[in-house]
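Here is the file target-v5.txt (compact mmCIF, C-alpha atoms).
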# COMPACT_ATOMS: atom_id res chain seq x y z
CA MET J 1 0.00 0.00 0.00
CA PHE J 2 1.37 3.38 -1.04
CA ILE J 3 0.10 6.37 0.95
CA ASP J 4 0.93 9.80 -0.45
CA GLU J 5 -1.60 11.90 1.50
CA ALA J 6 -2.61 11.94 5.16
CA ARG J 7 -4.60 14.23 7.44
CA VAL J 8 -3.05 14.68 10.88
CA PHE J 9 -4.04 16.30 14.17
CA LEU J 10 -1.10 17.81 15.99
CA ARG J 11 -0.67 19.50 19.36
CA ALA J 12 2.41 21.03 20.95
CA GLY J 13 2.89 20.67 24.71
CA ASN J 14 1.51 23.11 27.27
CA GLY J 15 3.89 25.03 29.51
CA GLY J 16 4.10 24.03 33.16
CA ASN J 17 2.59 26.28 35.83
CA GLY J 18 4.73 28.44 38.07
CA CYS J 19 5.02 27.40 41.72
CA LEU J 20 3.88 29.28 44.82
CA SER J 21 6.30 28.42 47.62
CA PHE J 22 8.12 30.02 50.55
CA ARG J 23 11.39 28.97 52.06
CA ARG J 24 10.87 27.31 55.44
CA GLU J 25 14.06 26.49 57.34
CA LYS J 26 15.14 26.59 60.95
CA TYR J 27 16.90 29.82 61.92
CA LEU J 28 15.58 31.52 58.75
CA PRO J 29 12.26 33.03 59.86
CA LYS J 30 12.20 35.32 56.84
CA GLY J 31 13.24 32.84 54.18
CA GLY J 32 11.25 34.50 51.39
CA PRO J 33 9.67 33.12 48.21
CA ASP J 34 11.30 30.19 46.38
CA GLY J 35 8.73 29.00 43.87
CA GLY J 36 10.32 27.83 40.59
CA ASP J 37 9.18 28.44 37.01
CA GLY J 38 7.32 25.88 34.92
CA GLY J 39 8.98 24.10 32.03
CA LYS J 40 8.35 24.85 28.36
CA GLY J 41 6.03 22.56 26.41
CA GLY J 42 7.49 20.37 23.68
CA ASP J 43 7.43 21.45 20.01
CA VAL J 44 6.07 19.57 17.01
CA VAL J 45 9.06 19.15 14.69
CA LEU J 46 9.16 17.81 11.13
CA LEU J 47 12.30 15.93 10.07
CA CYS J 48 13.05 14.93 6.48
CA ASN J 49 14.28 11.33 6.19
CA GLU J 50 15.40 10.03 2.80
CA ASN J 51 14.90 6.43 3.97
CA LEU J 52 11.11 6.90 3.97
CA ASN J 53 9.06 6.70 0.79
CA ASP J 54 5.45 7.32 1.82
CA LEU J 55 3.17 8.62 4.60
CA ARG J 56 1.58 5.41 5.83
CA GLU J 57 2.70 6.06 9.41
CA TYR J 58 0.37 9.08 9.63
CA LYS J 59 -2.54 7.48 7.79
CA PHE J 60 -3.13 5.04 10.64
CA GLN J 61 -1.83 7.14 13.55
CA PRO J 62 -2.95 10.70 12.75
CA HIS J 63 -2.97 12.11 16.30
CA ARG J 64 0.43 13.27 17.61
CA ASN J 65 1.01 15.25 20.81
CA ALA J 66 4.18 16.68 22.29
CA ARG J 67 4.82 16.44 26.05
CA ASN J 68 3.69 19.14 28.46
CA GLY J 69 6.24 21.02 30.52
CA ARG J 70 6.49 20.08 34.19
CA PRO J 71 5.30 22.59 36.85
CA GLY J 72 7.81 24.42 38.97
CA GLU J 73 8.59 23.33 42.53
CA GLY J 74 9.79 24.83 45.77
CA ARG J 75 13.43 25.61 46.52
CA ASN J 76 13.60 27.41 43.16
CA LYS J 77 13.33 24.19 41.18
CA HIS J 78 12.28 24.86 37.63
CA GLY J 79 10.07 22.31 35.90
CA ALA J 80 11.53 20.15 33.14
CA ASP J 81 10.79 21.09 29.54
CA GLY J 82 8.44 18.76 27.68
CA ASP J 83 9.92 16.47 25.03
CA ASP J 84 9.45 17.46 21.40
CA VAL J 85 7.55 15.12 19.11
CA VAL J 86 9.59 14.56 15.94
CA LEU J 87 7.63 13.54 12.85
CA GLU J 88 9.80 11.98 10.14
CA VAL J 89 8.57 12.46 6.58
CA PRO J 90 10.03 11.54 3.16
CA PRO J 91 11.66 14.14 0.91
CA GLY J 92 9.11 16.02 -1.15
CA THR J 93 6.51 16.30 1.62
CA GLN J 94 4.31 19.37 1.63
CA VAL J 95 2.33 20.45 4.70
CA PHE J 96 -0.96 22.30 4.27
CA GLU J 97 -3.35 23.77 6.82
CA ALA J 98 -6.43 21.59 6.54
CA GLU J 99 -8.99 24.42 6.69
CA SER J 100 -7.32 27.13 4.62
CA GLU J 101 -5.29 24.77 2.37
CA LEU J 102 -2.35 27.15 2.87
CA LEU J 103 1.11 25.68 2.30
CA VAL J 104 3.03 26.12 5.55
CA ALA J 105 6.09 23.90 5.08
CA GLU J 106 7.91 21.87 2.45
CA LEU J 107 10.76 19.45 3.14
CA LEU J 108 13.07 18.53 0.28
CA ASP J 109 16.49 17.63 1.69
CA ASP J 110 17.48 14.78 3.99
CA GLY J 111 17.99 16.03 7.55
CA GLU J 112 15.99 19.23 7.05
CA ARG J 113 14.07 20.24 10.20
CA VAL J 114 11.04 22.50 10.53
CA VAL J 115 9.35 23.50 13.79
CA LEU J 116 5.69 23.31 12.81
CA LEU J 117 4.09 24.05 16.20
CA LYS J 118 5.77 25.69 19.21
CA GLY J 119 5.19 24.51 22.75
CA GLY J 120 3.69 26.81 25.36
CA ARG J 121 5.94 28.93 27.55
CA GLY J 122 6.28 27.91 31.18
CA GLY J 123 4.63 29.98 33.91
CA LEU J 124 6.55 32.08 36.43
CA GLY J 125 6.98 31.09 40.07
CA ASN J 126 6.44 33.58 42.85
CA ASN J 127 10.21 34.03 43.24
CA GLN J 128 10.13 36.06 40.02
CA PHE J 129 7.85 38.68 41.57
CA LYS J 130 9.78 39.59 44.72
CA ASN J 131 11.17 43.08 45.08
CA SER J 132 12.08 45.56 47.80
CA VAL J 133 8.45 46.53 48.27
CA ASN J 134 6.78 43.12 47.96
CA GLN J 135 9.08 40.66 49.73
CA ALA J 136 6.48 37.90 50.07
CA PRO J 137 4.64 37.78 46.72
CA ARG J 138 1.87 35.25 46.30
CA LYS J 139 1.59 35.80 42.58
CA THR J 140 2.37 33.13 39.96
CA THR J 141 1.44 32.70 36.31
CA PRO J 142 0.09 29.60 34.59
CA GLY J 143 1.84 27.95 31.69
CA LYS J 144 0.76 28.91 28.18
CA GLU J 145 -1.09 26.46 25.97
CA GLY J 146 0.85 24.89 23.14
CA ALA J 147 -0.19 25.52 19.55
CA SER J 148 -2.35 22.93 17.85
CA GLY J 149 -3.84 22.38 14.43
CA GLU J 150 -5.09 20.06 11.73
CA TYR J 151 -2.85 19.57 8.72
CA VAL J 152 -2.68 17.62 5.49
CA PHE J 153 0.60 16.00 4.49
CA LYS J 154 1.03 15.53 0.73
CA LEU J 155 3.94 13.75 -0.88
CA LYS J 156 5.37 14.73 -4.25
CA THR J 157 8.13 12.39 -5.33
CA ILE J 158 11.50 13.98 -6.02
CA ALA J 159 13.09 12.54 -9.17
CA ASP J 160 15.11 13.85 -12.11
CA VAL J 161 13.19 11.89 -14.74
CA GLY J 162 9.51 10.98 -14.89
CA LEU J 163 8.13 8.23 -17.14
CA VAL J 164 4.81 8.96 -18.83
CA GLY J 165 2.80 6.56 -20.95
CA PHE J 166 -0.30 4.48 -21.44
CA PRO J 167 -0.70 1.17 -19.57
CA ASN J 168 1.50 -1.66 -20.87
CA ALA J 169 3.73 0.72 -22.85
CA GLY J 170 6.90 -0.52 -21.13
CA LYS J 171 7.57 2.04 -18.37
CA SER J 172 8.18 -0.58 -15.68
CA SER J 173 10.32 -2.65 -18.02
CA LEU J 174 12.50 0.38 -18.71
CA THR J 175 12.73 1.12 -14.98
CA ASN J 176 13.86 -2.47 -14.37
CA ALA J 177 16.45 -2.22 -17.12
CA PHE J 178 17.93 1.11 -16.00
CA THR J 179 17.62 1.22 -12.21
CA ASN J 180 17.71 -0.76 -8.99
CA ALA J 181 13.94 -0.45 -8.57
CA ARG J 182 11.88 -3.55 -9.32
CA PRO J 183 8.31 -2.59 -10.22
CA LYS J 184 6.04 -5.40 -11.33
CA CYS J 185 6.16 -6.26 -15.05
CA ALA J 186 3.54 -8.36 -16.82
CA PRO J 187 1.94 -8.54 -20.32
CA TYR J 188 -1.30 -6.86 -19.25
CA PRO J 189 -2.33 -3.27 -18.39
CA PHE J 190 -2.19 -1.65 -14.95
CA THR J 191 0.55 -3.84 -13.52
CA THR J 192 1.93 -0.67 -11.91
CA LYS J 193 -0.45 0.62 -9.24
CA THR J 194 1.86 2.83 -7.20
CA PRO J 195 4.81 5.09 -8.09
CA SER J 196 8.33 3.75 -7.73
CA VAL J 197 11.64 5.59 -7.88
CA GLY J 198 14.90 4.03 -9.02
CA VAL J 199 18.41 5.36 -9.57
CA ILE J 200 20.30 5.19 -12.87
CA GLU J 201 24.01 4.76 -12.19
CA TYR J 202 26.74 5.61 -14.70
CA ASP J 203 30.33 4.44 -15.00
CA ASP J 204 31.68 7.78 -13.72
CA PHE J 205 29.48 7.43 -10.58
CA ALA J 206 26.91 9.97 -11.75
CA ARG J 207 23.39 9.20 -10.52
CA ILE J 208 20.00 10.16 -11.93
CA SER J 209 16.72 9.27 -10.21
CA MET J 210 13.80 8.09 -12.32
CA ALA J 211 10.12 7.85 -11.30
CA ASP J 212 7.70 5.32 -12.76
CA VAL J 213 4.01 6.16 -12.23
CA PRO J 214 0.89 4.15 -13.15
CA GLY J 215 -0.16 4.34 -16.77
CA LEU J 216 -2.51 7.09 -17.93
CA ILE J 217 -5.70 6.58 -19.90
CA GLU J 218 -7.90 8.98 -21.81
CA GLY J 219 -9.62 11.24 -19.29
CA ALA J 220 -6.92 10.81 -16.64
CA SER J 221 -6.99 14.53 -15.86
CA GLU J 222 -10.70 14.05 -15.03
CA ASN J 223 -9.90 11.37 -12.44
CA ARG J 224 -10.29 8.36 -14.69
CA GLY J 225 -8.05 5.37 -14.20
CA LEU J 226 -5.12 5.20 -11.77
CA GLY J 227 -2.59 7.62 -13.23
CA HIS J 228 -4.42 10.84 -12.34
CA ARG J 229 -3.75 10.28 -8.64
CA PHE J 230 -0.03 10.16 -9.25
CA LEU J 231 0.58 12.87 -11.84
CA LYS J 232 1.71 15.15 -9.00
CA HIS J 233 4.67 12.80 -8.50
CA ILE J 234 6.25 13.96 -11.76
CA GLU J 235 5.69 17.69 -11.21
CA ARG J 236 9.21 18.11 -9.80
CA CYS J 237 10.94 16.14 -12.56
CA LYS J 238 13.44 17.94 -14.77
CA LEU J 239 12.71 15.72 -17.79
CA LEU J 240 9.62 13.79 -18.87
CA VAL J 241 10.20 10.62 -20.90
CA PHE J 242 7.19 9.59 -22.98
CA ILE J 243 7.13 5.82 -23.50
CA ILE J 244 5.15 5.01 -26.65
CA ASP J 245 4.05 1.48 -27.53
CA MET J 246 5.15 1.59 -31.16
CA ALA J 247 3.76 -1.90 -31.79
CA GLY J 248 0.24 -0.48 -31.53
CA THR J 249 -0.99 -3.14 -29.09
CA ASP J 250 -4.80 -3.52 -28.96
CA ASN J 251 -5.12 -1.67 -32.29
CA ARG J 252 -3.84 1.57 -30.79
CA LYS J 253 -2.26 4.28 -32.92
CA PRO J 254 1.05 5.46 -31.39
CA ALA J 255 0.76 8.94 -32.91
CA ASP J 256 -2.65 9.39 -31.29
CA ASP J 257 -1.35 8.04 -27.97
CA TYR J 258 1.31 10.74 -27.85
CA ALA J 259 -1.25 13.45 -28.63
CA GLN J 260 -3.55 12.17 -25.90
CA LEU J 261 -0.75 12.10 -23.34
CA LEU J 262 0.07 15.74 -24.07
CA VAL J 263 -3.61 16.66 -23.66
CA GLU J 264 -3.88 14.90 -20.29
CA LEU J 265 -0.75 16.58 -18.94
CA LYS J 266 -1.87 19.99 -20.13
CA ASN J 267 -5.32 19.56 -18.60
CA PHE J 268 -3.79 18.51 -15.29
CA ASP J 269 -1.21 21.31 -15.20
CA PRO J 270 -0.02 23.37 -18.20
CA ALA J 271 3.41 23.72 -16.59
CA LEU J 272 3.74 19.93 -16.64
CA ALA J 273 3.17 19.76 -20.38
CA ALA J 274 5.76 22.52 -20.90
CA LYS J 275 8.59 20.57 -19.26
CA PRO J 276 11.49 19.25 -21.39
CA ARG J 277 10.51 15.88 -22.85
CA LEU J 278 11.96 12.96 -24.71
CA VAL J 279 9.96 10.47 -26.81
CA VAL J 280 10.94 6.81 -26.60
CA ALA J 281 9.56 4.34 -29.15
CA ASN J 282 9.39 1.00 -27.35
CA LYS J 283 8.76 -2.53 -28.70
CA MET J 284 10.73 -1.88 -31.88
CA ASP J 285 11.34 -5.64 -32.12
CA CYS J 286 7.69 -6.14 -33.19
CA GLU J 287 6.74 -6.45 -36.86
CA ALA J 288 4.25 -3.56 -36.92
CA SER J 289 6.58 -1.09 -35.18
CA ALA J 290 8.46 0.12 -38.26
CA LYS J 291 5.23 1.01 -40.09
CA ASN J 292 3.80 2.73 -37.03
CA LEU J 293 7.03 4.68 -36.53
CA THR J 294 6.81 6.02 -40.08
CA ALA J 295 3.24 7.18 -39.43
CA PHE J 296 4.34 8.73 -36.14
CA ARG J 297 7.14 10.71 -37.80
CA ARG J 298 4.74 11.88 -40.49
CA LYS J 299 2.35 13.35 -37.89
CA TRP J 300 4.96 14.59 -35.42
CA LYS J 301 7.60 16.13 -37.65
CA GLY J 302 10.64 17.44 -35.83
CA VAL J 303 10.13 15.30 -32.71
CA GLU J 304 13.31 13.43 -31.83
CA ILE J 305 12.61 9.76 -31.14
CA ALA J 306 14.80 7.22 -29.37
CA LYS J 307 14.13 3.67 -30.61
CA VAL J 308 14.42 0.86 -28.08
CA SER J 309 13.22 -2.60 -27.24
CA CYS J 310 13.05 -3.37 -23.54
CA LEU J 311 12.63 -7.05 -24.43
CA THR J 312 15.81 -7.44 -26.50
CA GLY J 313 17.80 -4.54 -25.01
CA GLU J 314 18.14 -2.78 -28.38
CA GLY J 315 18.95 0.93 -28.01
CA LEU J 316 18.98 0.96 -24.19
CA ASP J 317 22.61 2.03 -23.83
CA ALA J 318 22.13 4.94 -26.22
CA LEU J 319 18.93 5.96 -24.41
CA LYS J 320 20.68 5.87 -21.05
CA ALA J 321 23.31 8.31 -22.31
CA LEU J 322 20.67 10.50 -23.96
CA VAL J 323 18.65 10.74 -20.74
CA ARG J 324 21.70 12.01 -18.88
CA GLU J 325 22.43 14.54 -21.62
CA ARG J 326 18.87 15.88 -21.51
CA VAL J 327 18.75 16.07 -17.72
CA GLU J 328 22.02 18.02 -17.60
CA ALA J 329 20.71 20.38 -20.29
CA ALA J 330 17.53 20.95 -18.27
CA GLU J 331 19.62 21.70 -15.16
CA ARG J 332 21.72 24.25 -17.05
CA ALA J 333 18.57 25.92 -18.39
CA ALA J 334 17.05 26.06 -14.89
CA ASP J 335 20.24 27.60 -13.47
CA ALA J 336 20.27 30.21 -16.23
CA ASP J 337 16.64 31.11 -15.52
CA SER J 338 17.41 31.49 -11.81
CA GLU J 339 20.33 33.82 -12.54
CA ASN J 340 18.21 35.93 -14.88
CA ALA J 341 15.43 36.14 -12.30
CA ALA J 342 17.92 37.25 -9.65
What do you get writing this file as structure tokens?
Amino acid sequence: MFIDEARVFLRAGNGGNGCLSFRREKYLPKGGPDGGDGGKGGDVVLLCNENLNDLREYKFQPHRNARNGRPGEGRNKHGADGDDVVLEVPPGTQVFEAESELLVAELLDDGERVVLLKGGRGGLGNNQFKNSVNQAPRKTTPGKEGASGEYVFKLKTIADVGLVGFPNAGKSSLTNAFTNARPKCAPYPFTTKTPSVGVIEYDDFARISMADVPGLIEGASENRGLGHRFLKHIERCKLLVFIIDMAGTDNRKPADDYAQLLVELKNFDPALAAKPRLVVANKMDCEASAKNLTAFRRKWKGVEIAKVSCLTGEGLDALKALVRERVEAAERAADADSENAA
């Protein structure tokens, strides 16, 4: 089960109350006030952990509370601070206020910490109120309440490359061939039901992450099929790789498949359709593929196409190098845009 969204109810700890106390010792008839301060309540802290890949922990345990601060005691003993509650989330997690849907935090890098809710401040003991005029104060203050709220955690996978295609086009097969991920592969549609991320490794130790999401169908942007739920997982990708079944399985037309994929991405988010993309013609070992490729080139003139066969391994090495080239080009373009904006 892959959980990429969870609603949580969080509460930081309350501060401890200040103490009302007077020093009582033999031979010290005027000992004076010695009530200590209360401890601070614990915070709610988010911690990014790259070893996590979904939000299932919060789907089934949505209520999380930090510890309250301890009250102060006599003899000027301050109460202990409450322990923070640390919520570990995978990279790419966004945190929204449930009611306003306002984005309040986003964690992208491993080890990144965000204090989401602060614990209440501890109250003051009566020792804090003594002065030359009032040498026996009976005043204390209570601890402050910790912040609380209802939030929605949403996960957007962080990957350099996102695979887009219709069911049974060969996305999972390509992921298996290129990366250490092992999504299910079978000769029928919808074998992939959840996103998976693998890493492409090169001889010079360069690494590129690649995300495989469930196949799209016509109307995916209108919540049809499985793929619509996971399109957000490729929003952060630098390069989109369109896997086209060039064999035309089930009497499909590859040129029309590509057009439909572009429509679905544009309807979901125009910025997604505008990302750099690479078209990969898969199943080139099949008899009908050459004819379909000719028809595809006729309709989509000027579109560069990488020809591969995940079954025989034809063209995979060249595609692996091309993917790296395109990702690096996208990174350079993004850096140039950032410098111009600055």
Task: Residue contacts of region 273-282 of chain J (10 Å, all atoms listed in the file) excluding same-chain residues fewer than 4 positions away, as a PyMOL selection string - done: chain J and resi 161-165+169-171+174+235-247+254+258+261-269+286+289+292-293+296+303-311+314-315+319+322-323+326-327+329-330
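Selecting by distance to (7.9, 30.5, 46.7) with a limit of 8 Å and using all atoms listed in the file, one obtains J:Cys19, J:Leu20, J:Ser21, J:Phe22, J:Arg23, J:Gly32, J:Pro33, J:Asp34, J:Gly35, J:Gly36, J:Gly74, J:Arg75, J:Asn76, J:Gly125, J:Asn126, J:Asn127, J:Pro137, J:Arg138.
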Could those residues be written to a file, using C-alpha atoms, as a short mmCIF file (atom, residue, chain, number, x, y, z; two decimals), in the coordinates of the input?
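After the write, selection.cif holds the following:
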data_model
loop_
_atom_site.label_atom_id
_atom_site.label_comp_id
_atom_site.auth_asym_id
_atom_site.auth_seq_id
_atom_site.Cartn_x
_atom_site.Cartn_y
_atom_site.Cartn_z
CA CYS J 19 5.02 27.40 41.72
CA LEU J 20 3.88 29.28 44.82
CA SER J 21 6.30 28.42 47.62
CA PHE J 22 8.12 30.02 50.55
CA ARG J 23 11.39 28.97 52.06
CA GLY J 32 11.25 34.50 51.39
CA PRO J 33 9.67 33.12 48.21
CA ASP J 34 11.30 30.19 46.38
CA GLY J 35 8.73 29.00 43.87
CA GLY J 36 10.32 27.83 40.59
CA GLY J 74 9.79 24.83 45.77
CA ARG J 75 13.43 25.61 46.52
CA ASN J 76 13.60 27.41 43.16
CA GLY J 125 6.98 31.09 40.07
CA ASN J 126 6.44 33.58 42.85
CA ASN J 127 10.21 34.03 43.24
CA PRO J 137 4.64 37.78 46.72
CA ARG J 138 1.87 35.25 46.30
#
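For the set J:His63, J:Lys154, J:Arg113, J:Arg298, the residue with the smallest atom-to-atom gap to Ala6 (chain J) is J:Lys154, counting only C-alpha atoms.
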Task: 12 Å contact set for Leu47 (chain J), all atoms listed in the file, chain neighbours under 3 positions out, as a list in words - done: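 Selected residues are Val44, Glu50, Asn51, Leu52, Asp84, Val85, Val86, Leu87, Glu88, Val89, Pro90, Pro91, Gly92, Thr93, Ala105, Glu106, Leu107, Leu108, Asp109, Asp110, Gly111, Glu112, Arg113, Val114, Val115 and Leu116 of chain J.
CA of Leu10 (chain J) lies 10.9 Å from CA of Tyr58 (chain J).
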TODO: Quote the spacing between CA of Ser209 (chain J) and CA of Val197 (chain J) in Å to one decimal place.
DONE: 6.7 Å
- [ ] Enter the distance from CA of Lys232 (chain J) to CA of Glu339 (chain J), in Å, rounded to one decimal.
- [x]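 Between these atoms lies a distance of 26.6 Å.
Using all atoms listed in the file, the shortest contact distance between Gly31 (chain J) and any of J:Gln135, J:Asn14, J:Ser148, J:Gln61 is found at J:Gln135.
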Open item on the list: I'd like to know which of J:Glu5, J:Lys30, J:Thr249, J:Asn17 is closest to Ala136 (chain J), using only C-alpha atoms.
Closed with: J:Lys30
Task: All residues 10 Å or closer to Ala295 (chain J), only C-alpha atoms, same chain fewer than 4 positions away omitted, as number ranges by chain - done: J: 253-255, 289-291, 299-300
Would you pick out the contacts of Asp54 (chain J) at 7 Å or less, using only C-alpha atoms, so that residues sharing its chain but fewer than 4 positions from it are not included, and give the list as a PDB file with C-alpha atoms, in the coordinates of the input?
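Everything below was put into result28.pdb:
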ATOM      1  CA  PHE J   2       1.370   3.380  -1.040  1.00  0.00           C
ATOM      2  CA  ILE J   3       0.100   6.370   0.950  1.00  0.00           C
ATOM      3  CA  ASP J   4       0.930   9.800  -0.450  1.00  0.00           C
ATOM      4  CA  PRO J  90      10.030  11.540   3.160  1.00  0.00           C
TER       5      PRO J  90
END
Just want the 12 Å neighbourhood of Gly149 (chain J), counted on all atoms listed in the file, with same-chain residues fewer than 2 positions away dropped. Output as a JSON list (two decimals) with C-alpha atoms, in the coordinates of the input.
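As a result, part-v5.json now contains:
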[["chain", "number", "residue", "atom", "x", "y", "z"],
["J", 7, "ARG", "CA", -4.60, 14.23, 7.44],
["J", 8, "VAL", "CA", -3.05, 14.68, 10.88],
["J", 9, "PHE", "CA", -4.04, 16.30, 14.17],
["J", 10, "LEU", "CA", -1.10, 17.81, 15.99],
["J", 11, "ARG", "CA", -0.67, 19.50, 19.36],
["J", 12, "ALA", "CA", 2.41, 21.03, 20.95],
["J", 44, "VAL", "CA", 6.07, 19.57, 17.01],
["J", 62, "PRO", "CA", -2.95, 10.70, 12.75],
["J", 63, "HIS", "CA", -2.97, 12.11, 16.30],
["J", 64, "ARG", "CA", 0.43, 13.27, 17.61],
["J", 65, "ASN", "CA", 1.01, 15.25, 20.81],
["J", 95, "VAL", "CA", 2.33, 20.45, 4.70],
["J", 96, "PHE", "CA", -0.96, 22.30, 4.27],
["J", 97, "GLU", "CA", -3.35, 23.77, 6.82],
["J", 98, "ALA", "CA", -6.43, 21.59, 6.54],
["J", 99, "GLU", "CA", -8.99, 24.42, 6.69],
["J", 100, "SER", "CA", -7.32, 27.13, 4.62],
["J", 104, "VAL", "CA", 3.03, 26.12, 5.55],
["J", 116, "LEU", "CA", 5.69, 23.31, 12.81],
["J", 117, "LEU", "CA", 4.09, 24.05, 16.20],
["J", 118, "LYS", "CA", 5.77, 25.69, 19.21],
["J", 146, "GLY", "CA", 0.85, 24.89, 23.14],
["J", 147, "ALA", "CA", -0.19, 25.52, 19.55],
["J", 151, "TYR", "CA", -2.85, 19.57, 8.72],
["J", 152, "VAL", "CA", -2.68, 17.62, 5.49]]
Open item on the list: Ranking J:Ser196, J:Asn176, J:Asn134, J:Gln128 by minimum distance to Asn53 (chain J) and counting only C-alpha atoms, which one comes first?
Closed with: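 Going through J:Ser196, J:Asn176, J:Asn134, J:Gln128 one by one, the smallest distance to Asn53 (chain J) is for J:Ser196.
The nearest approach to Gly42 (chain J) among the residues J:Asp285, J:Glu145, J:Asp204, J:Asp335, with all atoms listed in the file taken into account, belongs to J:Glu145.
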TODO: Pick out the closest residue to Lys139 (chain J) from this set: J:Gly82, J:Leu124, J:Thr312, J:Gly16. Count all atoms listed in the file.
DONE: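 Residue with the minimum atom-to-atom distance to Lys139 (chain J): J:Leu124.
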Generate the missing atoms of region 52-58 of chain J up to all heavy atoms and report them as a PDB file, in the coordinates of the input.
ATOM      1  N   LEU J  52      12.556   7.109   4.041  1.00  0.00           N
ATOM      2  CA  LEU J  52      11.110   6.900   3.970  1.00  0.00           C
ATOM      3  C   LEU J  52      10.645   7.163   2.551  1.00  0.00           C
ATOM      4  O   LEU J  52      11.225   7.989   1.833  1.00  0.00           O
ATOM      5  CB  LEU J  52      10.390   7.837   4.940  1.00  0.00           C
ATOM      6  CG  LEU J  52      10.758   7.707   6.424  1.00  0.00           C
ATOM      7  CD1 LEU J  52       9.991   8.740   7.234  1.00  0.00           C
ATOM      8  CD2 LEU J  52      10.475   6.301   6.926  1.00  0.00           C
ATOM      9  N   ASN J  53       9.560   6.483   2.152  1.00  0.00           N
ATOM     10  CA  ASN J  53       9.060   6.700   0.790  1.00  0.00           C
ATOM     11  C   ASN J  53       7.565   6.958   0.717  1.00  0.00           C
ATOM     12  O   ASN J  53       7.030   7.138  -0.379  1.00  0.00           O
ATOM     13  CB  ASN J  53       9.418   5.503  -0.119  1.00  0.00           C
ATOM     14  CG  ASN J  53       8.906   4.187   0.428  1.00  0.00           C
ATOM     15  OD1 ASN J  53       8.031   4.159   1.291  1.00  0.00           O
ATOM     16  ND2 ASN J  53       9.445   3.097  -0.070  1.00  0.00           N
ATOM     17  N   ASP J  54       6.862   6.940   1.850  1.00  0.00           N
ATOM     18  CA  ASP J  54       5.450   7.320   1.820  1.00  0.00           C
ATOM     19  C   ASP J  54       5.018   7.772   3.215  1.00  0.00           C
ATOM     20  O   ASP J  54       5.844   7.908   4.125  1.00  0.00           O
ATOM     21  CB  ASP J  54       4.572   6.186   1.294  1.00  0.00           C
ATOM     22  CG  ASP J  54       4.442   5.020   2.257  1.00  0.00           C
ATOM     23  OD1 ASP J  54       5.056   5.059   3.337  1.00  0.00           O
ATOM     24  OD2 ASP J  54       3.719   4.068   1.941  1.00  0.00           O
ATOM     25  N   LEU J  55       3.703   8.015   3.373  1.00  0.00           N
ATOM     26  CA  LEU J  55       3.170   8.620   4.600  1.00  0.00           C
ATOM     27  C   LEU J  55       2.266   7.660   5.364  1.00  0.00           C
ATOM     28  O   LEU J  55       1.371   8.094   6.091  1.00  0.00           O
ATOM     29  CB  LEU J  55       2.393   9.896   4.251  1.00  0.00           C
ATOM     30  CG  LEU J  55       3.188  10.995   3.547  1.00  0.00           C
ATOM     31  CD1 LEU J  55       2.249  12.071   3.010  1.00  0.00           C
ATOM     32  CD2 LEU J  55       4.208  11.611   4.488  1.00  0.00           C
ATOM     33  N   ARG J  56       2.492   6.377   5.221  1.00  0.00           N
ATOM     34  CA  ARG J  56       1.580   5.410   5.830  1.00  0.00           C
ATOM     35  C   ARG J  56       1.537   5.522   7.361  1.00  0.00           C
ATOM     36  O   ARG J  56       0.518   5.223   7.979  1.00  0.00           O
ATOM     37  CB  ARG J  56       1.977   3.988   5.425  1.00  0.00           C
ATOM     38  CG  ARG J  56       3.267   3.476   6.060  1.00  0.00           C
ATOM     39  CD  ARG J  56       3.605   2.107   5.530  1.00  0.00           C
ATOM     40  NE  ARG J  56       3.960   2.157   4.131  1.00  0.00           N
ATOM     41  CZ  ARG J  56       4.113   1.081   3.374  1.00  0.00           C
ATOM     42  NH1 ARG J  56       3.945  -0.109   3.882  1.00  0.00           N
ATOM     43  NH2 ARG J  56       4.430   1.199   2.092  1.00  0.00           N
ATOM     44  N   GLU J  57       2.645   5.960   7.956  1.00  0.00           N
ATOM     45  CA  GLU J  57       2.700   6.060   9.410  1.00  0.00           C
ATOM     46  C   GLU J  57       1.649   7.023   9.946  1.00  0.00           C
ATOM     47  O   GLU J  57       1.109   6.840  11.045  1.00  0.00           O
ATOM     48  CB  GLU J  57       4.101   6.529   9.826  1.00  0.00           C
ATOM     49  CG  GLU J  57       4.294   6.680  11.325  1.00  0.00           C
ATOM     50  CD  GLU J  57       5.691   7.135  11.677  1.00  0.00           C
ATOM     51  OE1 GLU J  57       6.559   7.196  10.769  1.00  0.00           O
ATOM     52  OE2 GLU J  57       5.916   7.430  12.859  1.00  0.00           O
ATOM     53  N   TYR J  58       1.319   8.066   9.174  1.00  0.00           N
ATOM     54  CA  TYR J  58       0.370   9.080   9.630  1.00  0.00           C
ATOM     55  C   TYR J  58      -1.046   8.786   9.166  1.00  0.00           C
ATOM     56  O   TYR J  58      -1.991   9.380   9.681  1.00  0.00           O
ATOM     57  CB  TYR J  58       0.831  10.451   9.141  1.00  0.00           C
ATOM     58  CG  TYR J  58       2.253  10.722   9.558  1.00  0.00           C
ATOM     59  CD1 TYR J  58       3.309  10.620   8.644  1.00  0.00           C
ATOM     60  CD2 TYR J  58       2.564  11.010  10.876  1.00  0.00           C
ATOM     61  CE1 TYR J  58       4.614  10.824   9.041  1.00  0.00           C
ATOM     62  CE2 TYR J  58       3.869  11.216  11.283  1.00  0.00           C
ATOM     63  CZ  TYR J  58       4.883  11.116  10.360  1.00  0.00           C
ATOM     64  OH  TYR J  58       6.180  11.301  10.760  1.00  0.00           O
TER      65      TYR J  58
END
